[in-house]
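Asker: Pasting upload_0.txt here (compact mmCIF, C-alpha atoms):
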# COMPACT_ATOMS: atom_id res chain seq x y z
CA MET T 1 9.31 -10.51 27.55
CA GLU T 2 6.41 -9.79 25.20
CA GLU T 3 4.35 -12.89 24.47
CA GLN T 4 4.77 -14.20 20.94
CA THR T 5 3.08 -16.92 18.92
CA ILE T 6 5.74 -19.39 17.79
CA LEU T 7 5.43 -22.53 15.66
CA VAL T 8 8.16 -25.12 16.20
CA THR T 9 8.14 -27.98 13.71
CA GLY T 10 9.39 -31.34 14.93
CA SER T 11 8.76 -30.36 18.54
CA THR T 12 7.72 -33.70 20.00
CA ASP T 13 11.30 -34.88 20.43
CA GLY T 14 14.91 -33.76 20.63
CA ILE T 15 15.93 -30.15 20.09
CA GLY T 16 12.44 -29.13 19.00
CA LYS T 17 10.87 -30.39 22.20
CA ALA T 18 13.53 -28.66 24.30
CA THR T 19 12.96 -25.46 22.32
CA ALA T 20 9.21 -25.64 22.85
CA HIS T 21 9.77 -26.22 26.57
CA ALA T 22 12.06 -23.19 26.87
CA LEU T 23 9.70 -20.94 24.91
CA ALA T 24 6.66 -22.06 26.91
CA TRP T 25 8.58 -21.45 30.12
CA GLN T 26 9.21 -17.89 28.92
CA GLY T 27 5.46 -17.41 28.53
CA HIS T 28 5.10 -17.59 24.76
CA ARG T 29 2.20 -19.16 22.91
CA VAL T 30 3.85 -22.24 21.43
CA LEU T 31 2.42 -24.27 18.56
CA LEU T 32 3.80 -27.78 18.72
CA HIS T 33 4.10 -29.94 15.64
CA GLY T 34 4.60 -33.66 15.28
CA ARG T 35 3.87 -36.52 12.91
CA ASN T 36 2.25 -38.91 15.38
CA ARG T 37 -0.87 -37.75 17.19
CA GLY T 38 -0.46 -40.05 20.20
CA ARG T 39 3.11 -38.97 20.75
CA GLY T 40 2.14 -35.35 20.20
CA ARG T 41 -0.63 -35.40 22.79
CA ALA T 42 1.69 -37.02 25.33
CA VAL T 43 4.31 -34.30 24.79
CA LEU T 44 1.67 -31.57 24.93
CA GLU T 45 0.47 -32.81 28.32
CA GLU T 46 4.05 -33.22 29.54
CA LEU T 47 4.98 -29.65 28.61
CA GLU T 48 1.77 -28.22 30.06
CA GLU T 49 2.54 -29.90 33.36
CA ALA T 50 6.24 -28.99 33.32
CA THR T 51 5.79 -25.31 32.41
CA GLY T 52 2.33 -24.54 33.78
CA SER T 53 1.47 -23.02 30.41
CA ASP T 54 -2.07 -22.98 29.08
CA ARG T 55 -0.92 -21.46 25.77
CA LEU T 56 0.19 -24.60 23.97
CA ALA T 57 -1.45 -26.16 20.91
CA LEU T 58 -0.69 -29.26 18.86
CA PHE T 59 -0.67 -29.71 15.08
CA ILE T 60 -0.10 -33.00 13.27
CA ALA T 61 1.41 -33.31 9.79
CA ASP T 62 3.77 -35.56 7.87
CA LEU T 63 6.22 -33.06 6.40
CA SER T 64 7.40 -35.46 3.71
CA VAL T 65 4.02 -34.99 1.99
CA GLN T 66 3.48 -31.58 0.44
CA GLU T 67 -0.29 -31.74 0.81
CA ARG T 68 0.19 -32.25 4.55
CA VAL T 69 2.57 -29.28 4.71
CA ARG T 70 -0.03 -27.10 3.01
CA GLY T 71 -2.66 -28.49 5.36
CA LEU T 72 -0.53 -27.58 8.37
CA ALA T 73 -0.24 -23.99 7.15
CA GLU T 74 -3.98 -23.85 6.56
CA GLU T 75 -4.79 -25.25 10.00
CA VAL T 76 -2.50 -22.73 11.71
CA GLY T 77 -4.15 -19.96 9.68
CA GLU T 78 -7.62 -21.12 10.69
CA THR T 79 -6.77 -20.89 14.40
CA HIS T 80 -4.45 -17.87 14.52
CA ASP T 81 -4.59 -14.39 13.01
CA SER T 82 -0.83 -13.94 13.00
CA LEU T 83 2.43 -15.76 13.63
CA ASP T 84 5.46 -14.09 15.17
CA VAL T 85 8.07 -16.81 14.68
CA LEU T 86 8.33 -19.91 12.50
CA ILE T 87 11.08 -22.31 13.58
CA ASN T 88 11.68 -24.88 10.85
CA ASN T 89 13.30 -27.37 13.20
CA ALA T 90 12.10 -30.75 11.88
CA GLY T 91 14.74 -32.83 10.15
CA VAL T 92 15.69 -36.40 9.33
CA PHE T 93 18.73 -38.51 8.51
CA MET T 94 17.85 -41.59 6.46
CA PRO T 95 20.44 -44.40 6.60
CA GLU T 96 18.72 -46.00 3.60
CA ARG T 97 17.11 -44.28 0.63
CA LYS T 98 13.38 -43.74 0.84
CA VAL T 99 11.25 -41.77 -1.55
CA ALA T 100 8.51 -39.30 -0.62
CA PRO T 101 5.53 -38.54 -2.87
CA GLY T 102 6.60 -36.88 -6.10
CA GLY T 103 9.78 -38.90 -6.36
CA ILE T 104 11.66 -36.67 -3.92
CA GLU T 105 14.15 -38.45 -1.68
CA MET T 106 12.93 -38.37 1.93
CA THR T 107 15.84 -36.43 3.45
CA PHE T 108 15.54 -33.71 0.83
CA ALA T 109 11.73 -33.66 1.10
CA VAL T 110 11.69 -33.13 4.88
CA ASN T 111 14.85 -31.07 5.38
CA TYR T 112 14.57 -28.73 2.40
CA ILE T 113 11.28 -28.88 0.52
CA ALA T 114 9.06 -28.86 3.63
CA PRO T 115 10.52 -25.68 5.18
CA PHE T 116 10.55 -24.02 1.76
CA LEU T 117 6.84 -24.70 1.24
CA LEU T 118 5.74 -24.14 4.84
CA THR T 119 7.52 -20.80 5.00
CA HIS T 120 5.92 -19.73 1.73
CA ASP T 121 2.43 -20.68 2.87
CA LEU T 122 2.80 -19.07 6.31
CA LEU T 123 4.21 -15.75 5.09
CA PRO T 124 0.77 -14.07 5.14
CA LEU T 125 0.44 -14.95 8.84
CA LEU T 126 4.01 -13.83 9.54
CA SER T 127 3.35 -10.60 7.67
CA ALA T 128 0.36 -9.95 9.92
CA SER T 129 2.75 -9.74 12.87
CA ARG T 130 4.30 -6.45 13.91
CA ARG T 131 7.72 -8.03 13.58
CA ALA T 132 8.25 -11.67 12.55
CA ARG T 133 11.12 -14.11 12.18
CA VAL T 134 11.80 -17.29 10.23
CA VAL T 135 14.40 -19.51 11.90
CA ASN T 136 15.71 -22.40 9.82
CA VAL T 137 17.74 -25.22 11.35
CA ALA T 138 20.69 -26.00 9.09
CA SER T 139 23.85 -27.90 10.00
CA ILE T 140 27.61 -27.52 9.95
CA ALA T 141 27.44 -30.58 7.68
CA HIS T 142 26.72 -28.20 4.80
CA ARG T 143 30.43 -27.31 4.84
CA SER T 144 31.35 -30.83 3.70
CA VAL T 145 29.65 -30.39 0.31
CA ARG T 146 32.28 -29.47 -2.27
CA SER T 147 29.95 -29.54 -5.28
CA VAL T 148 26.30 -30.32 -5.96
CA ASP T 149 25.36 -33.04 -8.42
CA TRP T 150 22.23 -31.30 -9.66
CA GLU T 151 21.37 -34.24 -11.90
CA ASN T 152 21.05 -36.40 -8.77
CA LEU T 153 18.44 -34.08 -7.19
CA PRO T 154 15.76 -34.35 -5.97
CA GLY T 155 15.53 -38.15 -6.16
CA PHE T 156 19.11 -39.00 -5.11
CA ASP T 157 19.08 -42.15 -7.24
CA ASP T 158 22.80 -42.38 -6.52
CA TYR T 159 22.32 -42.42 -2.76
CA ASP T 160 24.73 -41.75 0.04
CA ALA T 161 23.04 -41.03 3.37
CA TYR T 162 25.48 -38.43 4.64
CA ASP T 163 25.74 -36.69 1.27
CA ALA T 164 21.94 -36.44 1.01
CA TYR T 165 21.79 -34.94 4.50
CA ALA T 166 24.64 -32.49 3.88
CA VAL T 167 23.19 -31.34 0.54
CA SER T 168 19.76 -30.84 2.12
CA LYS T 169 21.32 -28.62 4.79
CA LEU T 170 23.34 -26.72 2.19
CA GLY T 171 19.97 -26.09 0.60
CA VAL T 172 18.63 -24.70 3.86
CA VAL T 173 21.51 -22.24 4.16
CA ALA T 174 21.16 -21.20 0.51
CA PHE T 175 17.37 -20.90 0.82
CA THR T 176 17.65 -18.73 3.92
CA ALA T 177 19.96 -16.27 2.21
CA ARG T 178 17.77 -16.17 -0.91
CA LEU T 179 14.62 -15.78 1.19
CA ALA T 180 16.22 -12.87 3.03
CA ARG T 181 16.40 -11.03 -0.30
CA VAL T 182 12.67 -11.52 -0.80
CA LEU T 183 11.96 -10.29 2.73
CA GLU T 184 14.29 -7.30 2.57
CA GLY T 185 12.46 -4.08 3.42
CA GLY T 186 9.56 -5.89 5.09
CA ARG T 187 8.74 -6.78 8.69
CA THR T 188 9.96 -10.37 8.52
CA THR T 189 13.53 -11.67 8.74
CA ALA T 190 15.05 -15.07 8.00
CA ASN T 191 18.12 -16.63 9.58
CA CYS T 192 19.52 -20.14 9.94
CA LEU T 193 21.69 -21.95 12.44
CA HIS T 194 23.79 -24.95 13.31
CA PRO T 195 22.52 -26.10 16.73
CA GLY T 196 25.63 -28.09 17.62
CA VAL T 197 26.27 -31.82 17.71
CA ILE T 198 23.29 -32.82 19.80
CA ASP T 199 22.13 -36.16 21.18
CA THR T 200 19.00 -36.71 19.09
CA LYS T 201 17.37 -39.49 17.09
CA LEU T 202 18.82 -37.88 14.00
CA LEU T 203 22.39 -38.09 15.31
CA ARG T 204 21.85 -41.67 16.45
CA ALA T 205 20.55 -42.57 13.00
CA TYR T 206 23.88 -41.34 11.64
CA THR T 207 26.29 -42.71 14.23
CA GLY T 208 24.32 -45.71 15.45
CA GLU T 209 24.93 -44.78 19.08
CA GLN T 210 24.26 -42.10 21.66
CA GLY T 211 26.51 -39.07 21.89
CA GLY T 212 26.61 -35.32 21.60
CA ASP T 213 25.42 -32.53 23.81
CA PRO T 214 21.96 -32.48 25.44
CA PRO T 215 19.00 -31.15 23.40
CA GLU T 216 18.69 -28.19 25.74
CA GLN T 217 22.01 -26.87 24.45
CA GLY T 218 20.80 -26.94 20.86
CA ALA T 219 17.56 -25.32 21.95
CA GLU T 220 19.48 -22.34 23.30
CA VAL T 221 20.50 -21.41 19.77
CA GLU T 222 16.98 -21.71 18.40
CA VAL T 223 15.50 -19.70 21.25
CA TYR T 224 18.17 -17.03 20.79
CA LEU T 225 17.36 -16.50 17.12
CA ALA T 226 13.64 -16.65 17.82
CA THR T 227 13.51 -14.15 20.67
CA SER T 228 16.77 -12.25 21.22
CA PRO T 229 16.64 -8.49 20.59
CA ASP T 230 20.22 -8.76 19.31
CA ALA T 231 19.08 -11.07 16.50
CA ALA T 232 16.01 -9.04 15.59
CA ALA T 233 17.75 -6.86 13.01
CA VAL T 234 19.76 -9.66 11.38
CA ASN T 235 18.45 -10.94 8.06
CA GLY T 236 20.03 -13.72 6.04
CA GLY T 237 22.53 -14.73 8.69
CA TYR T 238 24.02 -18.13 9.49
CA PHE T 239 24.80 -18.83 13.14
CA GLU T 240 26.91 -21.45 14.89
CA ALA T 241 26.05 -21.44 18.58
CA THR T 242 24.69 -17.93 19.15
CA ARG T 243 27.35 -16.23 17.05
CA TRP T 244 27.13 -15.18 13.42
CA ALA T 245 29.43 -17.29 11.23
CA ARG T 246 30.39 -17.30 7.60
CA PRO T 247 28.85 -20.31 5.81
CA SER T 248 30.71 -22.37 3.23
CA PRO T 249 31.85 -20.78 -0.05
CA LEU T 250 29.32 -22.97 -1.88
CA ALA T 251 26.48 -21.62 0.27
CA LEU T 252 27.61 -18.09 -0.61
CA ASP T 253 27.62 -18.79 -4.35
CA PRO T 254 24.76 -16.81 -5.97
CA GLU T 255 24.28 -19.48 -8.63
CA VAL T 256 23.94 -22.21 -6.03
CA ARG T 257 21.44 -20.15 -4.07
CA GLU T 258 19.41 -19.48 -7.20
CA ARG T 259 19.39 -23.12 -8.30
CA PHE T 260 18.14 -24.30 -4.91
CA TRP T 261 15.51 -21.54 -4.99
CA GLU T 262 14.33 -22.44 -8.49
CA MET T 263 14.21 -26.11 -7.55
CA GLY T 264 12.01 -25.25 -4.57
CA LEU T 265 9.70 -23.25 -6.82
CA ASP T 266 9.51 -26.01 -9.41
CA LEU T 267 8.83 -28.77 -6.88
CA THR T 268 6.25 -26.89 -4.80
CA GLY T 269 4.68 -24.41 -7.20
CA ALA T 270 5.08 -21.67 -4.58
CA GLU T 271 2.85 -19.17 -6.34
CA GLU T 272 3.57 -15.99 -4.38
CA TRP T 273 7.31 -16.26 -4.91
CA HIS T 274 6.77 -16.90 -8.62
CA ARG T 275 4.83 -13.63 -8.79
CA THR T 276 7.12 -11.49 -6.65
CA SER T 277 10.32 -12.56 -8.49
CA GLY T 278 12.53 -11.51 -5.62
CA LYS T 279 10.64 -8.37 -4.55
CA ALA T 280 10.06 -7.59 -0.89
CA TYR T 281 7.30 -9.43 0.91
CA ALA T 282 5.79 -7.63 3.89
Rewrite the structure from the file as structure tokens, please.
Answerer:
Amino acid sequence: MEEQTILVTGSTDGIGKATAHALAWQGHRVLLHGRNRGRGRAVLEELEEATGSDRLALFIADLSVQERVRGLAEEVGETHDSLDVLINNAGVFMPERKVAPGGIEMTFAVNYIAPFLLTHDLLPLLSASRRARVVNVASIAHRSVRSVDWENLPGFDDYDAYDAYAVSKLGVVAFTARLARVLEGGRTTANCLHPGVIDTKLLRAYTGEQGGDPPEQGAEVEVYLATSPDAAAVNGGYFEATRWARPSPLALDPEVRERFWEMGLDLTGAEEWHRTSGKAYA
């Protein structure tokens, strides 16, 4: 398999770590990301020893802070001329409401705004690749959202933990489909996935106990969309396991997609997407 440069956010634990391990084992250049430097260095050394890879690098950023997201994109750009795959894997489930800078509720900031902004800022690096992919981790939880209380976003003053999580993942599905329109005709594709019900810190924050399938099973889906030749030509798809699936009717609603997109633009000031207005990005 041709070596690729792949950034996996949230790769110091759970599905992200298992994904990074699998990709490094395949011989790819894997860019790890975490929030805690000590934890990140420990995982970096662990994966180097486990895979024998000398093509791993570590980047530290708190994705709830937009300045840190921009800094992550800048740091990757300073050390790499191109990026073949961006896996927006990092995600949180907050049992209690917390607010990120800018008054954005933490779940929405990390699960939706961060991948929106990071993808925007890394598109020049992705465009420098011969063929690039954006892989966004969504969730089957998006299907539980019957309507979006737009007045409650992005602060979620009326807070329900599961609702905030499900709405953030609906946003990911909607964003992926809308992004695919921007990328149409270029060399970059965007798809999203439900990794399964996986035993992670996120699931335990929701259920309060261990359960679910091992992280390696969720990683299989991420690795498939990141590297499989079968997925290379798909743009704007939603996958459950490694099979294309139809997302919820709400996620398919053009108005919902556009409102999430416009909210992302307003909250991040993503300049390139303001200028292109939906036109293809290389």
Asker: Hey, what's within 6 Å of Asp199 of chain T if we count all atoms listed in the file and toss same-chain stuff fewer than 5 positions away? As an NGL selection string, please?
Answerer: :T and (211-214)
Asker: For segment 205-260 of chain T against segment 24-44 of chain T, with a cut-off of 12 Å and counting all atoms listed in the file, what is the closest atom pair and its distance in Å to one decimal for every residue that makes the cut, ordered by chain and number, as CSV?
Answerer:
residue,atom,partner,partner_atom,distance
T:Val223,CA,T:Gln26,CA,10.1
T:Ala226,CA,T:His28,CA,11.0
T:Thr227,CA,T:His28,CA,10.0
Asker: With all atoms listed in the file counted, which protein, DNA or RNA residues have an atom no more than 7 Å from (27.6, -22.2, 4.4) in the file frame? Please answer as a PyMOL selection string.
Answerer: chain T and resi 142-143+170+173+246-252
Asker: Identify, on the basis of only C-alpha atoms, every residue whose closest approach to Gly16 of chain T does not exceed 9 Å; exclude the query and any residue fewer than 4 positions from it along the same chain; express the result as a list in words.
Answerer: Val8, Thr9, Gly10, Ser11, Thr12, Ala20, His21, Leu32, Ile87, Asn89, Ala90, Pro215, Gly218, Ala219 and Glu222 of chain T
Asker: Which neighbours of Leu123 of chain T fall inside 10 Å, counting only C-alpha atoms, when residues of the same chain fewer than 5 positions from it are skipped, and could you give them as a ChimeraX atom specification?
Answerer: /T:73,82-83,86,118,128-129,132,134,183,188,272,281-282
Asker: Could you write out that same residue set with C-alpha atoms as a JSON list (two decimals), in the frame of the given file?
Answerer:
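Written out: selection_27.json:
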[["chain", "number", "residue", "atom", "x", "y", "z"],
["T", 73, "ALA", "CA", -0.24, -23.99, 7.15],
["T", 82, "SER", "CA", -0.83, -13.94, 13.00],
["T", 83, "LEU", "CA", 2.43, -15.76, 13.63],
["T", 86, "LEU", "CA", 8.33, -19.91, 12.50],
["T", 118, "LEU", "CA", 5.74, -24.14, 4.84],
["T", 128, "ALA", "CA", 0.36, -9.95, 9.92],
["T", 129, "SER", "CA", 2.75, -9.74, 12.87],
["T", 132, "ALA", "CA", 8.25, -11.67, 12.55],
["T", 134, "VAL", "CA", 11.80, -17.29, 10.23],
["T", 183, "LEU", "CA", 11.96, -10.29, 2.73],
["T", 188, "THR", "CA", 9.96, -10.37, 8.52],
["T", 272, "GLU", "CA", 3.57, -15.99, -4.38],
["T", 281, "TYR", "CA", 7.30, -9.43, 0.91],
["T", 282, "ALA", "CA", 5.79, -7.63, 3.89]]
Asker: For Arg133 of chain T, find every residue with an atom within 8 Å (counting only C-alpha atoms), except residues of its own chain fewer than 5 positions away, and show them as a list in words.
Answerer: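 What passes the distance filter is Asp84, Val85, Leu86, Leu126, Thr188, Thr189, Ala190, Asn191, Ala226 and Ala232 of chain T.
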Asker: Could you check how far atom CA of Val99 of chain T sits from atom CA of Lys17 of chain T, in Å to one decimal?
Answerer: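 Distance between the two atoms: 26.3 Å.
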Asker: Give the padded box for segment 187-192 of chain T as lines of an AutoDock Vina configuration file: axis-aligned, covering all atoms listed in the file, 6 Å on each side, centre and edge lengths in Å to one decimal.
Answerer:
center_x = 14.1
center_y = -13.5
center_z = 9.0
size_x = 22.8
size_y = 25.4
size_z = 13.9
Asker: Using all atoms listed in the file, which of the listed residues (T:Phe239, T:Trp261, T:Phe93, T:Tyr224) sits closest to Asp160 of chain T?
Answerer: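 Answer, going by the shortest atom-to-atom distance: T:Phe93.
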Asker: Using all atoms listed in the file and a cutoff of 10 Å, can you tell me which residues are near (-2.3, -27.0, 11.3) in the file's coordinates, and write them out as a list in words?
Answerer: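 Protein and nucleic acid residues near the point are Leu7, Leu31, Leu32, His33, Ala57, Leu58, Phe59, Ile60, Ala61, Arg68, Val69, Arg70, Gly71, Leu72, Ala73, Glu74, Glu75, Val76, Gly77, Glu78, Thr79 and His80 of chain T.
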Asker: Could you tell me how far atom CA of Gly186 of chain T lies from atom CA of Asn235 of chain T, in Å and to one decimal?
Answerer: 10.6 Å
Asker: Which residues, written as number ranges by chain, have at least one atom at most 9 Å from Thr107 of chain T, with all atoms listed in the file counted and residues fewer than 6 positions away on the same chain left out?
Answerer: T: 64, 91-94, 97-100, 161, 164-165, 168
Asker: Please determine, counting only C-alpha atoms, which residue among T:Glu67, T:Glu258, T:Glu184, T:Glu216 has the shortest atom-to-atom distance to Thr200 of chain T.
Answerer: T:Glu216
Asker: Given the choices T:Val256, T:Ala180, T:Ala231, T:Leu225, which gets closest to Val137 of chain T if the distance is worked out from all atoms listed in the file?
Answerer: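 Distance minimum relative to Val137 of chain T lands on T:Leu225.
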Asker: Would you mind reading off the distance between atom CA of Asn136 of chain T and atom CA of Val110 of chain T, one decimal, in Å?
Answerer: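 Those two atoms sit 12.5 Å apart.
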Asker: Taking all atoms listed in the file into account, name the residue in T:Leu56, T:Tyr162, T:Glu2, T:Thr51 that is nearest to Leu202 of chain T.
Answerer: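 For Leu202 of chain T, the nearest of the candidates is T:Tyr162.
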Asker: Between T:Ile113, T:Ala177, T:Ala138, T:Met263, which has the minimum distance to Val197 of chain T (counting all atoms listed in the file)?
Answerer: T:Ala138
Asker: Ranking T:Gln217, T:Arg204, T:Arg187, T:Ala166 by minimum distance to Ala233 of chain T and counting all atoms listed in the file, which one comes first?
Answerer: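 Comparing T:Gln217, T:Arg204, T:Arg187, T:Ala166 against Ala233 of chain T, the winner is T:Arg187.
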